[in-house]
Each structure stands twice: as structure tokens, then as C-alpha cells.
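Below is target_6.tsv, holding TSV, C-alpha atoms.
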```
chain	number	residue	atom	x	y	z
V	1	MET	CA	-45.66	-57.62	-83.53
V	2	GLU	CA	-43.48	-55.70	-85.78
V	3	ASN	CA	-46.57	-54.10	-87.26
V	4	LEU	CA	-47.82	-53.15	-83.88
V	5	LEU	CA	-44.56	-51.46	-83.01
V	6	GLN	CA	-44.51	-49.65	-86.31
V	7	SER	CA	-48.09	-48.53	-85.89
V	8	LEU	CA	-47.06	-47.04	-82.56
V	9	GLY	CA	-44.12	-45.31	-84.23
V	10	ILE	CA	-41.47	-47.45	-82.62
V	11	ASP	CA	-38.62	-48.68	-84.75
V	12	PRO	CA	-37.31	-51.93	-83.27
V	13	LYS	CA	-33.92	-51.56	-84.92
V	14	ALA	CA	-33.56	-48.11	-83.40
V	15	ILE	CA	-34.55	-49.42	-79.97
V	16	ILE	CA	-32.01	-52.23	-80.19
V	17	ALA	CA	-29.36	-49.75	-81.36
V	18	GLN	CA	-30.26	-47.41	-78.50
V	19	ILE	CA	-30.13	-50.28	-75.96
V	20	LEU	CA	-26.73	-51.33	-77.30
V	21	ALA	CA	-25.49	-47.75	-77.23
V	22	PHE	CA	-26.82	-47.34	-73.66
V	23	LEU	CA	-25.10	-50.54	-72.52
V	24	ILE	CA	-21.81	-49.48	-74.14
V	25	VAL	CA	-22.03	-46.00	-72.55
V	26	PHE	CA	-23.01	-47.54	-69.22
V	27	TRP	CA	-20.05	-49.96	-69.39
V	28	VAL	CA	-17.63	-47.13	-70.31
V	29	LEU	CA	-18.99	-44.92	-67.57
V	30	LYS	CA	-18.88	-47.73	-65.06
V	31	ARG	CA	-15.35	-48.67	-66.05
V	32	PHE	CA	-13.91	-45.17	-66.16
V	33	ALA	CA	-16.23	-42.67	-64.49
V	34	PHE	CA	-18.43	-44.36	-61.89
V	35	GLY	CA	-15.44	-45.92	-60.12
V	36	LYS	CA	-13.68	-42.59	-59.85
V	37	VAL	CA	-16.83	-40.70	-58.93
V	38	GLY	CA	-17.74	-43.40	-56.43
V	39	MET	CA	-14.25	-43.27	-54.99
V	40	LEU	CA	-14.43	-39.46	-54.75
V	41	ILE	CA	-17.77	-39.68	-53.01
V	42	GLU	CA	-16.46	-42.38	-50.61
V	43	ASN	CA	-13.32	-40.35	-49.88
V	44	ARG	CA	-15.39	-37.28	-49.22
V	45	ARG	CA	-17.67	-39.27	-46.89
V	46	ARG	CA	-14.64	-40.58	-44.96
V	47	GLU	CA	-13.18	-37.08	-44.68
V	48	MET	CA	-16.45	-35.78	-43.33
V	49	GLU	CA	-16.60	-38.61	-40.77
V	50	GLN	CA	-13.01	-37.87	-39.70
V	51	ARG	CA	-13.83	-34.18	-39.38
V	52	ASP	CA	-16.88	-35.08	-37.33
V	53	ARG	CA	-14.74	-37.23	-35.02
V	54	ARG	CA	-12.10	-34.51	-34.71
V	55	LEU	CA	-14.78	-31.92	-34.02
V	56	SER	CA	-16.32	-34.18	-31.37
V	57	LYS	CA	-12.91	-34.71	-29.77
V	58	GLY	CA	-12.19	-30.97	-30.02
V	59	GLN	CA	-15.54	-30.15	-28.46
V	60	ALA	CA	-14.89	-32.62	-25.63
V	61	GLU	CA	-11.43	-31.09	-25.11
V	62	ILE	CA	-12.93	-27.59	-25.06
V	63	GLU	CA	-15.48	-28.67	-22.46
V	64	ARG	CA	-12.73	-30.30	-20.36
V	65	LEU	CA	-10.60	-27.16	-20.60
V	66	GLU	CA	-13.58	-24.97	-19.67
V	67	ILE	CA	-14.15	-27.08	-16.55
V	68	GLU	CA	-10.44	-27.02	-15.73
V	69	LEU	CA	-10.33	-23.25	-16.26
V	70	GLY	CA	-13.39	-22.77	-14.03
V	71	ASN	CA	-11.76	-24.86	-11.29
V	72	ARG	CA	-8.49	-22.94	-11.60
V	73	LEU	CA	-10.32	-19.61	-11.46
V	74	ARG	CA	-12.09	-20.72	-8.28
V	75	GLU	CA	-8.75	-21.77	-6.79
V	76	ILE	CA	-7.20	-18.42	-7.71
V	77	GLU	CA	-10.15	-16.54	-6.23
V	78	SER	CA	-9.97	-18.59	-3.05
V	79	GLU	CA	-6.23	-18.00	-2.79
V	80	ALA	CA	-6.70	-14.27	-3.39
V	81	GLN	CA	-9.33	-14.08	-0.66
V	82	SER	CA	-7.05	-16.03	1.68
V	83	ARG	CA	-4.16	-13.66	0.98
V	84	LEU	CA	-6.43	-10.67	1.44
V	85	ARG	CA	-7.59	-12.04	4.81
V	86	GLU	CA	-3.97	-12.62	5.82
V	87	ALA	CA	-3.05	-9.07	4.79
V	88	VAL	CA	-5.98	-7.62	6.75
V	89	ASP	CA	-5.08	-9.72	9.79
V	90	SER	CA	-1.44	-8.68	9.51
V	91	ALA	CA	-2.46	-5.03	9.18
V	92	ASN	CA	-4.71	-5.34	12.24
V	93	GLU	CA	-1.88	-6.92	14.23
V	94	GLU	CA	0.48	-4.15	13.13
V	95	ARG	CA	-2.13	-1.54	14.04
V	96	GLU	CA	-2.50	-3.10	17.50
V	97	LYS	CA	1.29	-3.11	17.94
V	98	ILE	CA	1.47	0.54	16.94
V	99	LEU	CA	-1.41	1.45	19.27
V	100	SER	CA	0.19	-0.49	22.12
V	101	GLN	CA	3.54	1.17	21.49
V	102	SER	CA	1.83	4.58	21.32
V	103	ARG	CA	0.08	3.91	24.63
V	104	GLN	CA	3.37	2.84	26.22
V	105	ASP	CA	5.13	5.92	24.81
V	106	ALA	CA	2.32	8.15	26.08
V	107	ALA	CA	2.49	6.53	29.54
V	108	ARG	CA	6.29	7.02	29.58
V	109	GLU	CA	5.93	10.64	28.52
V	110	LEU	CA	3.28	11.17	31.19
V	111	GLU	CA	5.51	9.61	33.84
V	112	THR	CA	8.45	11.72	32.66
V	113	ALA	CA	6.27	14.84	32.80
V	114	ARG	CA	5.08	13.93	36.32
V	115	THR	CA	8.65	13.34	37.45
V	116	GLU	CA	9.73	16.67	35.94
V	117	ILE	CA	6.80	18.46	37.59
V	118	LYS	CA	7.65	16.86	40.92
V	119	ARG	CA	11.32	17.88	40.57
V	120	GLU	CA	10.38	21.43	39.61
V	121	LYS	CA	7.95	21.54	42.53
V	122	GLU	CA	10.73	20.48	44.91
V	123	VAL	CA	13.08	23.11	43.43
V	124	ALA	CA	10.36	25.73	43.82
V	125	ILE	CA	9.77	24.67	47.45
V	126	GLN	CA	13.52	24.91	48.13
V	127	GLU	CA	13.60	28.37	46.57
V	128	LEU	CA	10.60	29.42	48.65
V	129	ARG	CA	12.25	28.11	51.82
V	130	SER	CA	15.44	29.93	50.95
V	131	GLN	CA	13.51	33.16	50.35
V	132	MET	CA	11.57	32.60	53.57
V	133	VAL	CA	14.84	32.20	55.50
V	134	GLU	CA	16.18	35.41	54.06
V	135	LEU	CA	12.95	37.26	54.78
V	136	SER	CA	12.82	35.87	58.30
V	137	ILE	CA	16.41	36.91	58.97
V	138	GLU	CA	15.79	40.33	57.57
V	139	ALA	CA	12.61	40.72	59.58
V	140	ALA	CA	14.27	39.48	62.75
V	141	GLY	CA	17.20	41.83	62.15
V	142	LYS	CA	14.91	44.78	61.83
V	143	VAL	CA	12.98	43.77	64.90
V	144	LEU	CA	16.10	43.43	66.96
V	145	ASP	CA	17.58	46.31	65.14
V	146	GLU	CA	20.99	44.85	65.32
V	147	ASN	CA	23.07	42.89	62.91
V	148	LEU	CA	23.13	39.28	63.92
V	149	ASP	CA	25.60	36.69	62.74
V	150	ASN	CA	24.26	35.80	59.31
V	151	ALA	CA	25.45	32.16	59.16
V	152	ARG	CA	24.22	31.35	62.65
V	153	ASN	CA	20.82	32.95	62.02
V	154	ARG	CA	20.45	31.07	58.76
V	155	LYS	CA	21.14	27.80	60.53
V	156	LEU	CA	18.52	28.54	63.19
V	157	VAL	CA	15.88	29.50	60.62
V	158	ASP	CA	16.66	26.42	58.48
V	159	GLU	CA	16.21	24.18	61.51
V	160	PHE	CA	12.94	25.94	62.36
V	161	ILE	CA	11.62	25.57	58.80
V	162	ASP	CA	12.66	21.90	58.68
V	163	SER	CA	10.76	21.29	61.89
V	164	ILE	CA	7.57	22.64	60.27
V	165	PRO	CA	5.60	19.78	58.72
V	166	ASP	CA	5.09	19.96	54.94
V	167	ARG	CA	1.50	20.98	54.39
V	168	GLY	CA	1.92	21.61	50.66
V	169	GLN	CA	3.20	18.09	49.87
V	170	ASN	CA	0.85	15.14	50.01
```
Structure re-expressed in C-alpha cells:
Amino acid sequence: MENLLQSLGIDPKAIIAQILAFLIVFWVLKRFAFGKVGMLIENRRREMEQRDRRLSKGQAEIERLEIELGNRLREIESEAQSRLREAVDSANEEREKILSQSRQDAARELETARTEIKREKEVAIQELRSQMVELSIEAAGKVLDENLDNARNRKLVDEFIDSIPDRGQN
């Protein structure tokens, strides 16, 4: 067999030496390097798993916060619309109060104006009666061509005018 190996160009002593050297290197690597490398790889794997869990928790928290934020925004929008409706209703009520007050003020002003017109009309009628009395006395004096007692004549004319029904007042 040794001849066969030599004919193939294989040196059995070199193979045994190489196997021994490989086993020694493997043992040294296993003892000093593989353990540390394996531990580094395991630590790295654990860190990645922890990061994955934290990311999953963070993603779930983000989704929860998004839902909560959406709900809060809807509440705020609803509250804003409610306040806006209240403000519009309040403004409409205030407008109605102002319109009602304006109508009442206008009616009062109209009544005051009517009262003032009526009073001025009565004053004007009194002035006209007074002028009519004076004209009547003057006309009667000229007709009689004598000077009558002024106070007595005035009294007679006033009584006559008072006996005339008011045609101008209704």
C-alpha cells in the first residue's frame, strides 16, 4: 500500500503530519477562537432578536398612538363644530334681539312722532280758531261800523266756534 501511495505521489508521513497539525490547529481554534467567535455570533443574534422585539413593540405603540391621535382629532373636530354651531345660534339670537329692539324703538319713535303731530295739529287748530275769532270780530266791527266791547265779542265768537262741530278732526 505504501507503494501505491508513493506511486500516486502521496507521502504517508506528510499526510499524518498534516492530520496531526490540522487536529492541533483545530483544537487551538476550538479552545480559543471558536468559543469566542461563537459567543460573538450568539450575542449578535440575541441583540438582533431584542431589537426585533423592541421594533415590534415600538411599531405597535406607534399604531396605538396613531389610532389615539385620530380619535382625539375627531373629538376636537366635533367639539369645534359644536362650538361653531353654538356661536352661530348665539349670534342669531343676538341678531333677533337687536331686530326686535329696533322694531320696538321704531314703533316708539313712530308713536312719539304721531303724538307730536297730533299736538302740533291741535296747536295749529287753536291758532286758526284764535285768528278766526279776531277776523270775525274785525269783520263784525266793520259791518256794524262801531267799536264793540272786545272781551264780550271774543266770548260770543268763541262760544259760536265751539258750537261748530269739528269737521277737520276724525
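Taking CA of Glu159 in chain V and CA of Glu127 in chain V as the two end points, the separation is 15.7 Å.
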So what do you get for CA of Asp158 in chain V versus CA of Gln131 in chain V, distance-wise?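 CA of Gln131 in chain V lies at a distance of 11.0 Å from CA of Asp158 in chain V.
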Test item: residues at most 12 Å from Glu134 in chain V, all atoms listed in the file, excluding those fewer than 4 positions along its chain, as number ranges by chain: V: 127-130, 138-141, 150-151, 153-158, 161
How far is it from CA of Ile15 in chain V to CA of Asn3 in chain V, in Å with one decimal? 14.8 Å
